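Structure below is protein-v6.pdb: PDB, C-alpha atoms.
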```pdb
MODEL        1
ATOM      1  CA  MET R   1      37.631  31.451 151.379
ATOM      2  CA  ALA R   2      40.996  29.696 151.279
ATOM      3  CA  GLY R   3      43.993  31.651 152.477
ATOM      4  CA  ALA R   4      46.627  33.139 150.193
ATOM      5  CA  ASP R   5      48.712  30.002 150.716
ATOM      6  CA  GLY R   6      45.816  27.759 149.637
ATOM      7  CA  ARG R   7      45.034  26.405 153.100
ATOM      8  CA  ARG R   8      41.310  25.957 153.621
ATOM      9  CA  PRO R   9      40.174  27.492 156.904
ATOM     10  CA  ILE R  10      38.177  26.064 159.737
ATOM     11  CA  VAL R  11      34.902  27.989 159.862
ATOM     12  CA  VAL R  12      33.159  28.427 163.200
ATOM     13  CA  GLY R  13      29.741  29.896 163.922
ATOM     14  CA  VAL R  14      30.021  32.487 166.703
ATOM     15  CA  ASP R  15      27.159  32.692 169.182
ATOM     16  CA  PRO R  16      26.303  36.169 170.538
ATOM     17  CA  ASP R  17      26.219  34.767 174.073
ATOM     18  CA  PRO R  18      29.775  35.108 175.468
ATOM     19  CA  SER R  19      29.104  32.235 177.872
ATOM     20  CA  LYS R  20      28.805  29.851 174.917
ATOM     21  CA  ARG R  21      32.443  29.664 173.869
ATOM     22  CA  LEU R  22      32.841  25.882 173.783
ATOM     23  CA  ALA R  23      32.647  25.514 169.994
ATOM     24  CA  LEU R  24      34.874  28.553 169.482
ATOM     25  CA  ALA R  25      37.507  27.148 171.844
ATOM     26  CA  TRP R  26      37.393  23.735 170.141
ATOM     27  CA  ALA R  27      37.717  25.343 166.704
ATOM     28  CA  ALA R  28      40.688  27.462 167.795
ATOM     29  CA  ASP R  29      42.464  24.414 169.219
ATOM     30  CA  GLU R  30      41.737  22.450 166.023
ATOM     31  CA  ALA R  31      43.046  25.262 163.808
ATOM     32  CA  GLU R  32      46.321  25.296 165.716
ATOM     33  CA  ARG R  33      46.617  21.498 165.534
ATOM     34  CA  ARG R  34      46.041  21.537 161.768
ATOM     35  CA  ASP R  35      48.031  24.743 161.186
ATOM     36  CA  VAL R  36      45.206  26.321 159.179
ATOM     37  CA  PRO R  37      43.417  29.698 159.425
ATOM     38  CA  LEU R  38      40.286  30.166 161.506
ATOM     39  CA  ARG R  39      37.279  32.051 160.097
ATOM     40  CA  LEU R  40      34.779  33.431 162.610
ATOM     41  CA  VAL R  41      31.263  33.818 161.220
ATOM     42  CA  HIS R  42      28.367  35.606 162.891
ATOM     43  CA  ALA R  43      25.101  35.538 160.963
ATOM     44  CA  GLN R  44      22.135  37.796 161.642
ATOM     45  CA  GLY R  45      18.637  36.788 160.646
ATOM     46  CA  VAL R  46      15.422  38.653 161.424
ATOM     47  CA  PRO R  47      15.813  40.943 164.484
ATOM     48  CA  THR R  48      14.682  39.175 167.652
ATOM     49  CA  GLY R  49      13.631  40.228 171.112
ATOM     50  CA  GLY R  50      17.080  39.407 172.439
ATOM     51  CA  TYR R  51      18.444  42.591 170.889
ATOM     52  CA  ARG R  52      15.734  44.984 172.089
ATOM     53  CA  SER R  53      16.504  47.785 174.490
ATOM     54  CA  GLY R  54      13.016  48.037 175.990
ATOM     55  CA  GLU R  55      12.508  51.593 174.728
ATOM     56  CA  ALA R  56      10.197  52.833 171.971
ATOM     57  CA  ARG R  57      10.195  50.651 168.860
ATOM     58  CA  PRO R  58      12.876  51.968 166.466
ATOM     59  CA  SER R  59      12.712  52.101 162.685
ATOM     60  CA  TRP R  60      13.990  49.224 160.544
ATOM     61  CA  GLU R  61      17.090  51.279 159.661
ATOM     62  CA  GLU R  62      17.824  51.815 163.345
ATOM     63  CA  TRP R  63      17.334  48.092 164.004
ATOM     64  CA  ASN R  64      19.735  47.282 161.200
ATOM     65  CA  ARG R  65      22.411  49.673 162.478
ATOM     66  CA  ALA R  66      22.017  48.355 166.000
ATOM     67  CA  LEU R  67      22.264  44.739 164.829
ATOM     68  CA  HIS R  68      25.399  45.435 162.820
ATOM     69  CA  GLY R  69      26.960  47.238 165.750
ATOM     70  CA  LEU R  70      26.193  44.340 168.059
ATOM     71  CA  GLY R  71      27.424  41.837 165.460
ATOM     72  CA  ASP R  72      30.695  43.706 165.070
ATOM     73  CA  GLN R  73      31.167  43.634 168.835
ATOM     74  CA  VAL R  74      30.363  39.902 168.984
ATOM     75  CA  LEU R  75      33.119  39.226 166.444
ATOM     76  CA  LYS R  76      35.615  41.554 168.143
ATOM     77  CA  ASP R  77      35.068  39.743 171.430
ATOM     78  CA  ALA R  78      35.446  36.373 169.679
ATOM     79  CA  VAL R  79      38.706  37.455 168.025
ATOM     80  CA  ALA R  80      40.059  38.572 171.407
ATOM     81  CA  PHE R  81      39.091  35.194 172.888
ATOM     82  CA  VAL R  82      40.911  33.264 170.138
ATOM     83  CA  GLU R  83      43.993  35.492 170.288
ATOM     84  CA  SER R  84      44.283  34.967 174.034
ATOM     85  CA  ARG R  85      43.799  31.200 173.714
ATOM     86  CA  ARG R  86      45.742  30.429 170.514
ATOM     87  CA  PRO R  87      47.785  33.507 169.539
ATOM     88  CA  ALA R  88      49.508  31.731 166.633
ATOM     89  CA  VAL R  89      46.246  31.069 164.779
ATOM     90  CA  GLN R  90      45.499  33.323 161.788
ATOM     91  CA  VAL R  91      41.973  34.752 162.229
ATOM     92  CA  SER R  92      39.485  36.344 159.830
ATOM     93  CA  THR R  93      35.861  37.360 160.399
ATOM     94  CA  LEU R  94      32.580  37.589 158.514
ATOM     95  CA  LEU R  95      29.448  39.416 159.629
ATOM     96  CA  ALA R  96      26.660  38.188 157.336
ATOM     97  CA  GLU R  97      22.942  38.717 156.928
ATOM     98  CA  GLY R  98      20.785  35.632 156.639
ATOM     99  CA  GLU R  99      19.837  32.467 158.467
ATOM    100  CA  PRO R 100      22.926  31.048 160.224
ATOM    101  CA  ALA R 101      22.538  27.565 158.712
ATOM    102  CA  TRP R 102      22.431  28.987 155.179
ATOM    103  CA  VAL R 103      25.371  31.332 155.760
ATOM    104  CA  LEU R 104      27.539  28.579 157.233
ATOM    105  CA  ARG R 105      26.588  26.184 154.449
ATOM    106  CA  GLU R 106      27.824  28.734 151.905
ATOM    107  CA  GLU R 107      31.053  29.206 153.870
ATOM    108  CA  ALA R 108      31.477  25.416 153.957
ATOM    109  CA  ARG R 109      32.090  25.387 150.195
ATOM    110  CA  ASN R 110      35.665  26.540 150.787
ATOM    111  CA  ALA R 111      36.248  25.227 154.300
ATOM    112  CA  ALA R 112      38.240  22.314 155.666
ATOM    113  CA  LEU R 113      35.758  21.958 158.527
ATOM    114  CA  VAL R 114      32.754  23.822 159.939
ATOM    115  CA  VAL R 115      32.265  23.969 163.718
ATOM    116  CA  VAL R 116      29.075  24.806 165.618
ATOM    117  CA  GLY R 117      27.884  24.455 169.185
ATOM    118  CA  SER R 118      24.968  22.402 170.437
ATOM    119  CA  TRP R 119      23.133  22.307 173.733
ATOM    120  CA  HIS R 120      21.170  19.073 173.358
ATOM    121  CA  LEU R 121      17.866  20.528 172.238
ATOM    122  CA  SER R 122      14.956  18.147 172.223
ATOM    123  CA  ARG R 123      14.293  16.525 168.858
ATOM    124  CA  ARG R 124      11.233  18.750 168.288
ATOM    125  CA  ARG R 125      13.082  21.961 169.147
ATOM    126  CA  GLU R 126      16.052  20.891 167.016
ATOM    127  CA  MET R 127      13.771  20.309 164.027
ATOM    128  CA  PHE R 128      11.659  23.437 164.225
ATOM    129  CA  SER R 129      13.796  26.135 165.842
ATOM    130  CA  SER R 130      15.240  28.650 163.364
ATOM    131  CA  ALA R 131      18.186  29.006 165.739
ATOM    132  CA  SER R 132      19.132  25.356 165.318
ATOM    133  CA  LEU R 133      22.172  24.654 163.156
ATOM    134  CA  ALA R 134      23.267  21.079 163.648
ATOM    135  CA  LEU R 135      20.789  19.134 161.530
ATOM    136  CA  PRO R 136      20.385  21.373 158.461
ATOM    137  CA  LEU R 137      24.079  22.205 158.322
ATOM    138  CA  THR R 138      25.262  18.628 158.779
ATOM    139  CA  ALA R 139      22.785  17.383 156.200
ATOM    140  CA  HIS R 140      23.918  19.711 153.413
ATOM    141  CA  ALA R 141      27.473  20.910 154.074
ATOM    142  CA  PRO R 142      30.009  19.687 151.483
ATOM    143  CA  CYS R 143      32.751  19.385 154.116
ATOM    144  CA  PRO R 144      32.951  17.739 157.548
ATOM    145  CA  VAL R 145      30.952  19.420 160.322
ATOM    146  CA  ALA R 146      31.896  19.315 164.001
ATOM    147  CA  VAL R 147      29.086  19.744 166.538
ATOM    148  CA  VAL R 148      30.461  20.495 169.996
ATOM    149  CA  PRO R 149      28.001  19.869 172.855
ATOM    150  CA  GLU R 150      30.707  19.098 175.422
ATOM    151  CA  PRO R 151      34.506  19.308 175.710
ATOM    152  CA  GLU R 152      36.826  16.533 174.636
ATOM    153  CA  HIS R 153      36.933  13.946 177.420
ATOM    154  CA  VAL R 154      40.260  12.792 178.821
ATOM    155  CA  THR R 155      38.696  10.853 181.682
ATOM    156  CA  GLN R 156      40.259   7.618 180.464
ATOM    157  CA  GLN R 157      43.876   6.991 179.557
ATOM    158  CA  PRO R 158      45.062   6.526 176.965
ATOM    159  CA  ALA R 159      42.768   9.095 175.359
ATOM    160  CA  TYR R 160      40.890   7.871 172.299
ATOM    161  CA  PHE R 161      38.744   8.856 169.330
ATOM    162  CA  VAL R 162      35.780   6.726 168.183
ATOM    163  CA  VAL R 163      34.648   6.128 164.609
ATOM    164  CA  GLY R 164      31.532   4.294 163.477
ATOM    165  CA  VAL R 165      32.017   1.889 160.552
ATOM    166  CA  ASP R 166      29.397   0.177 158.400
ATOM    167  CA  GLY R 167      31.184  -0.384 155.099
ATOM    168  CA  SER R 168      29.483   2.488 153.238
ATOM    169  CA  PRO R 169      31.447   5.170 151.334
ATOM    170  CA  HIS R 170      30.443   7.677 154.008
ATOM    171  CA  SER R 171      31.927   5.569 156.790
ATOM    172  CA  ALA R 172      35.135   5.036 154.773
ATOM    173  CA  SER R 173      35.524   8.815 154.594
ATOM    174  CA  ALA R 174      34.807   8.993 158.317
ATOM    175  CA  VAL R 175      37.585   6.490 159.009
ATOM    176  CA  ASP R 176      40.073   8.619 157.051
ATOM    177  CA  LEU R 177      39.212  11.687 159.116
ATOM    178  CA  ALA R 178      39.169   9.754 162.385
ATOM    179  CA  PHE R 179      42.738   8.546 161.812
ATOM    180  CA  GLU R 180      43.802  12.121 161.129
ATOM    181  CA  GLU R 181      42.114  13.445 164.272
ATOM    182  CA  ALA R 182      43.628  10.716 166.441
ATOM    183  CA  ALA R 183      47.095  11.378 164.981
ATOM    184  CA  LEU R 184      46.803  15.113 165.639
ATOM    185  CA  ARG R 185      46.129  14.414 169.319
ATOM    186  CA  GLY R 186      48.465  11.471 169.861
ATOM    187  CA  ALA R 187      45.384   9.390 170.733
ATOM    188  CA  LEU R 188      44.384   5.833 169.930
ATOM    189  CA  LEU R 189      41.412   5.070 167.696
ATOM    190  CA  ARG R 190      38.454   2.791 168.397
ATOM    191  CA  ALA R 191      36.754   1.666 165.179
ATOM    192  CA  LEU R 192      33.337   0.191 165.978
ATOM    193  CA  TYR R 193      31.097  -1.825 163.700
ATOM    194  CA  VAL R 194      27.733  -2.024 165.444
ATOM    195  CA  TRP R 195      25.723  -5.065 164.381
ATOM    196  CA  HIS R 196      22.014  -4.574 164.932
ATOM    197  CA  PRO R 197      20.260  -7.941 164.401
ATOM    198  CA  PRO R 198      17.066  -7.737 162.316
ATOM    199  CA  LEU R 199      13.764  -8.116 164.131
ATOM    200  CA  LEU R 200      13.163 -11.578 162.664
ATOM    201  CA  GLY R 201      16.688 -12.728 163.454
ATOM    202  CA  VAL R 202      19.183 -14.439 161.132
ATOM    203  CA  LEU R 203      19.746 -18.081 160.262
ATOM    204  CA  ASP R 204      23.433 -17.969 161.151
ATOM    205  CA  GLU R 205      24.382 -15.264 163.647
ATOM    206  CA  ASP R 206      28.046 -16.329 163.758
ATOM    207  CA  ALA R 207      28.307 -15.949 159.987
ATOM    208  CA  ALA R 208      26.710 -12.498 160.182
ATOM    209  CA  VAL R 209      29.213 -11.368 162.805
ATOM    210  CA  ARG R 210      32.118 -12.762 160.738
ATOM    211  CA  GLU R 211      30.888 -10.726 157.776
ATOM    212  CA  CYS R 212      30.811  -7.607 159.963
ATOM    213  CA  ARG R 213      34.397  -8.282 161.046
ATOM    214  CA  ARG R 214      35.441  -8.725 157.416
ATOM    215  CA  VAL R 215      33.873  -5.410 156.385
ATOM    216  CA  LEU R 216      35.435  -3.651 159.368
ATOM    217  CA  SER R 217      38.900  -5.043 158.614
ATOM    218  CA  GLU R 218      38.654  -4.071 154.947
ATOM    219  CA  THR R 219      37.491  -0.560 155.804
ATOM    220  CA  VAL R 220      40.403   0.197 158.124
ATOM    221  CA  ALA R 221      42.992  -1.645 156.017
ATOM    222  CA  GLY R 222      45.726   0.590 154.656
ATOM    223  CA  ARG R 223      45.124   3.496 157.009
ATOM    224  CA  THR R 224      47.578   2.156 159.567
ATOM    225  CA  ALA R 225      50.357   2.474 156.993
ATOM    226  CA  THR R 226      49.501   6.146 156.523
ATOM    227  CA  TYR R 227      49.214   6.746 160.274
ATOM    228  CA  PRO R 228      51.626   4.262 161.894
ATOM    229  CA  GLU R 229      51.632   6.332 165.089
ATOM    230  CA  VAL R 230      47.921   5.676 165.719
ATOM    231  CA  GLU R 231      47.146   2.617 167.813
ATOM    232  CA  LEU R 232      44.007   1.045 166.344
ATOM    233  CA  HIS R 233      41.438  -0.996 168.248
ATOM    234  CA  HIS R 234      38.605  -2.350 166.121
ATOM    235  CA  GLU R 235      35.678  -4.415 167.294
ATOM    236  CA  VAL R 236      32.210  -5.590 166.338
ATOM    237  CA  VAL R 237      29.590  -4.745 168.964
ATOM    238  CA  ARG R 238      26.032  -6.064 169.050
ATOM    239  CA  GLY R 239      23.320  -3.492 169.746
ATOM    240  CA  HIS R 240      21.649  -0.389 168.385
ATOM    241  CA  PRO R 241      24.202   1.884 166.634
ATOM    242  CA  VAL R 242      23.015   5.097 168.308
ATOM    243  CA  GLN R 243      23.077   3.571 171.784
ATOM    244  CA  VAL R 244      26.468   1.892 171.339
ATOM    245  CA  LEU R 245      28.139   4.961 169.817
ATOM    246  CA  THR R 246      26.601   7.239 172.442
ATOM    247  CA  GLU R 247      27.957   5.040 175.229
ATOM    248  CA  ALA R 248      31.379   4.972 173.538
ATOM    249  CA  SER R 249      31.339   8.783 173.340
ATOM    250  CA  GLU R 250      31.053   9.250 177.091
ATOM    251  CA  HIS R 251      34.813   9.120 177.666
ATOM    252  CA  ALA R 252      35.999   9.945 174.127
ATOM    253  CA  LEU R 253      37.887  12.913 172.733
ATOM    254  CA  GLY R 254      35.469  12.836 169.817
ATOM    255  CA  LEU R 255      33.173  10.695 167.690
ATOM    256  CA  VAL R 256      33.323  10.530 163.875
ATOM    257  CA  VAL R 257      30.460   9.205 161.731
ATOM    258  CA  GLY R 258      29.404   9.370 158.094
ATOM    259  CA  THR R 259      26.430  11.524 157.201
ATOM    260  CA  ARG R 260      24.609   8.493 155.775
ATOM    261  CA  GLY R 261      25.253   4.784 155.969
ATOM    262  CA  HIS R 262      23.717   1.619 154.589
ATOM    263  CA  GLY R 263      19.978   1.328 154.881
ATOM    264  CA  GLY R 264      19.164   4.959 154.068
ATOM    265  CA  PHE R 265      16.932   6.168 151.259
ATOM    266  CA  THR R 266      18.282   8.233 148.385
ATOM    267  CA  GLY R 267      17.480  11.876 149.008
ATOM    268  CA  MET R 268      17.344  11.636 152.802
ATOM    269  CA  TRP R 269      18.983  14.637 154.416
ATOM    270  CA  LEU R 270      20.782  12.745 157.133
ATOM    271  CA  GLY R 271      21.068   9.139 158.229
ATOM    272  CA  SER R 272      19.188   8.037 161.337
ATOM    273  CA  VAL R 273      22.411   7.071 163.129
ATOM    274  CA  SER R 274      23.991  10.457 162.404
ATOM    275  CA  GLN R 275      20.889  12.225 163.672
ATOM    276  CA  GLY R 276      20.788  10.047 166.768
ATOM    277  CA  VAL R 277      24.369  10.633 167.841
ATOM    278  CA  LEU R 278      24.037  14.380 167.225
ATOM    279  CA  HIS R 279      21.208  14.418 169.755
ATOM    280  CA  HIS R 280      22.741  12.100 172.333
ATOM    281  CA  ALA R 281      26.553  11.947 172.099
ATOM    282  CA  ARG R 282      28.494  13.250 175.078
ATOM    283  CA  CYS R 283      31.526  14.579 173.183
ATOM    284  CA  PRO R 284      32.286  16.549 170.004
ATOM    285  CA  VAL R 285      30.784  14.778 166.952
ATOM    286  CA  ILE R 286      32.254  15.154 163.469
ATOM    287  CA  THR R 287      30.029  14.091 160.567
ATOM    288  CA  VAL R 288      31.717  13.391 157.263
ATOM    289  CA  PRO R 289      30.130  13.376 153.779
ATOM    290  CA  ALA R 290      31.281  10.737 151.314
TER     291      ALA R 290
ENDMDL
END
```
Show me the file's structure as structure tokens.
Amino acid sequence: MAGADGRRPIVVGVDPDPSKRLALAWAADEAERRDVPLRLVHAQGVPTGGYRSGEARPSWEEWNRALHGLGDQVLKDAVAFVESRRPAVQVSTLLAEGEPAWVLREEARNAALVVVGSWHLSRRREMFSSASLALPLTAHAPCPVAVVPEPEHVTQQPAYFVVGVDGSPHSASAVDLAFEEAALRGALLRALYVWHPPLLGVLDEDAAVRECRRVLSETVAGRTATYPEVELHHEVVRGHPVQVLTEASEHALGLVVGTRGHGGFTGMWLGSVSQGVLHHARCPVITVPA
């Protein structure tokens, strides 16, 4: 829920494994940059073997008590981690019962941003594992979702954010957020329109590229007035969108894309480009609904 002052929090899913703190760290840093509260959410589904003690099988009530005790400890440890990293950030917690994707989707209704981790599961495991969050959450959340498989990269200077543009309402929303993220970090912004020629080719390739440049210019127009401190580089690149954006992510602080672009079918959960970069990008990826 929003804080007493009306600021919507950043919601982050907390993994029970203390070695998997990357998303939590990113969320804490982002909350401090935005000056908003941070809400730590740990969701418990059906008891799994990971919580078993190896002794005689306990009753359901004993399982439930044990799970809640472990969940409380997971959140206490996460709060301590955030307080040591970003002591100025206001923190709240939620221990919930239910599938993590469903719980986080409900929390997203009143969130500025939802953050989860990702460890580059294979496409099959991502689709069919109940522990997977990225695809179902990104497809249905009403707010932006950040998936954090790796840290922000500062291997190139000046540091930069990348945003994919295709002229759709989703990509326009992505551009707005990308400018904000770049401004928060004092980074420049690379706006990329990836032109993927059709299989049968086009009669006038130069005209097609000019049209891409026109759409790109119109999409980013006006944002520079709102964020004059952000240096903008925009370019049209020929190739497959997933491949080009993945390559651009290798040295980026982050990559921003819309949840669906042109060419999708009404009712699809998530655009093919969004799905592709979630699987392959080498930096935090923020998906933005229209």
Task: Selection: 12 Å around Gln73 in chain R, all atoms listed in the file, excl. self and same-chain fewer than 5 positions, as a PyMOL selection string - done: chain R and resi 14-18+42+66-68+78-80+93+95
- [ ] Can you give me, as a ChimeraX atom specification, the residues this file yields under the PyMOL selection byres ((chain R and resi 247) around 12)?
- [x] /R:162,192,237,239-246,248-252,255,277,280-283
If you keep C-alpha atoms, can you produce a file of those selected residues as an mmCIF file, keeping the file's coordinate frame?
```
data_model
loop_
_atom_site.group_PDB
_atom_site.id
_atom_site.type_symbol
_atom_site.label_atom_id
_atom_site.label_comp_id
_atom_site.auth_asym_id
_atom_site.auth_seq_id
_atom_site.Cartn_x
_atom_site.Cartn_y
_atom_site.Cartn_z
ATOM 1 C CA VAL R 162 35.780 6.726 168.183
ATOM 2 C CA LEU R 192 33.337 0.191 165.978
ATOM 3 C CA VAL R 237 29.590 -4.745 168.964
ATOM 4 C CA GLY R 239 23.320 -3.492 169.746
ATOM 5 C CA HIS R 240 21.649 -0.389 168.385
ATOM 6 C CA PRO R 241 24.202 1.884 166.634
ATOM 7 C CA VAL R 242 23.015 5.097 168.308
ATOM 8 C CA GLN R 243 23.077 3.571 171.784
ATOM 9 C CA VAL R 244 26.468 1.892 171.339
ATOM 10 C CA LEU R 245 28.139 4.961 169.817
ATOM 11 C CA THR R 246 26.601 7.239 172.442
ATOM 12 C CA ALA R 248 31.379 4.972 173.538
ATOM 13 C CA SER R 249 31.339 8.783 173.340
ATOM 14 C CA GLU R 250 31.053 9.250 177.091
ATOM 15 C CA HIS R 251 34.813 9.120 177.666
ATOM 16 C CA ALA R 252 35.999 9.945 174.127
ATOM 17 C CA LEU R 255 33.173 10.695 167.690
ATOM 18 C CA VAL R 277 24.369 10.633 167.841
ATOM 19 C CA HIS R 280 22.741 12.100 172.333
ATOM 20 C CA ALA R 281 26.553 11.947 172.099
ATOM 21 C CA ARG R 282 28.494 13.250 175.078
ATOM 22 C CA CYS R 283 31.526 14.579 173.183
#
```
Task: Nearest candidate to Ala28 in chain R (options R:Pro289, R:Pro100, R:Pro87, R:Gly71; using all atoms listed in the file) - done: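 Distance minimum relative to Ala28 in chain R lands on R:Pro87.
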Open item on the list: Here is a test: counting all atoms listed in the file, which residue of R:His196, R:Arg86, R:Arg65, R:Arg105 is nearest to Gly13 in chain R?
Closed with: R:Arg105
Task: R:Leu104, R:Leu189, R:Val89, R:Leu278 ranked by distance to Ala25 in chain R, top pick (using only C-alpha atoms) - done: R:Val89
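With all atoms listed in the file as the atoms that count, the minimum distance from Thr138 in chain R to the choices R:Gly164, R:Ala108, R:Val154, R:Val194 is reached by R:Ala108.
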Open item on the list: Considering only C-alpha atoms, can you say which of R:Ile286, R:Val230, R:Leu113, R:Leu133 comes closest to Leu184 in chain R?
Closed with: R:Val230
Task: Nearest residue to Ser173 in chain R from the set R:His140, R:Arg213, R:Arg223, R:Arg185 (distances using only C-alpha atoms) - done: R:Arg223
Open item on the list: Could you tell me how far CA of Val115 in chain R sits from CA of Gly98 in chain R, in Å to one decimal place?
Closed with: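 CA of Gly98 in chain R sits 17.8 Å away from CA of Val115 in chain R.
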- [ ] Apply the PyMOL selection byres ((chain R and resi 139) around 12) to the file shown and report the selected residues as number ranges by chain.
- [x] R: 101-102, 105, 133-138, 140-145, 258-260, 267-272, 274-275, 278, 287-290
- [ ] Pick out the residues sitting within 10 Å of Thr226 in chain R, and hand them over as JSON, numbers by chain; count only C-alpha atoms, and ignore anything fewer than 5 positions along from it in its own chain.
- [x] {"R": [176, 179, 180]}
Write the residues you've just listed into a file as a compact mmCIF listing (two decimals), in the coordinates of the input, and include C-alpha atoms for each of them.
```txt
# COMPACT_ATOMS: atom_id res chain seq x y z
CA ASP R 176 40.07 8.62 157.05
CA PHE R 179 42.74 8.55 161.81
CA GLU R 180 43.80 12.12 161.13
```
TODO: Kindly give the distance, in Å, that separates CA of Glu107 in chain R and CA of Ala23 in chain R, rounded to a single decimal.
DONE: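 Going from CA of Glu107 in chain R over to CA of Ala23 in chain R, I get 16.6 Å.
For the pair CA of Ala111 in chain R and CA of Pro151 in chain R, the interatomic distance is 22.3 Å.
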- [ ] Take the point (30.2, -4.3, 158.5) as written in the file and pick out every residue within 8 Å of it, counting only C-alpha atoms; give the list as a ChimeraX atom specification.
- [x] /R:165-167,193-195,211-216
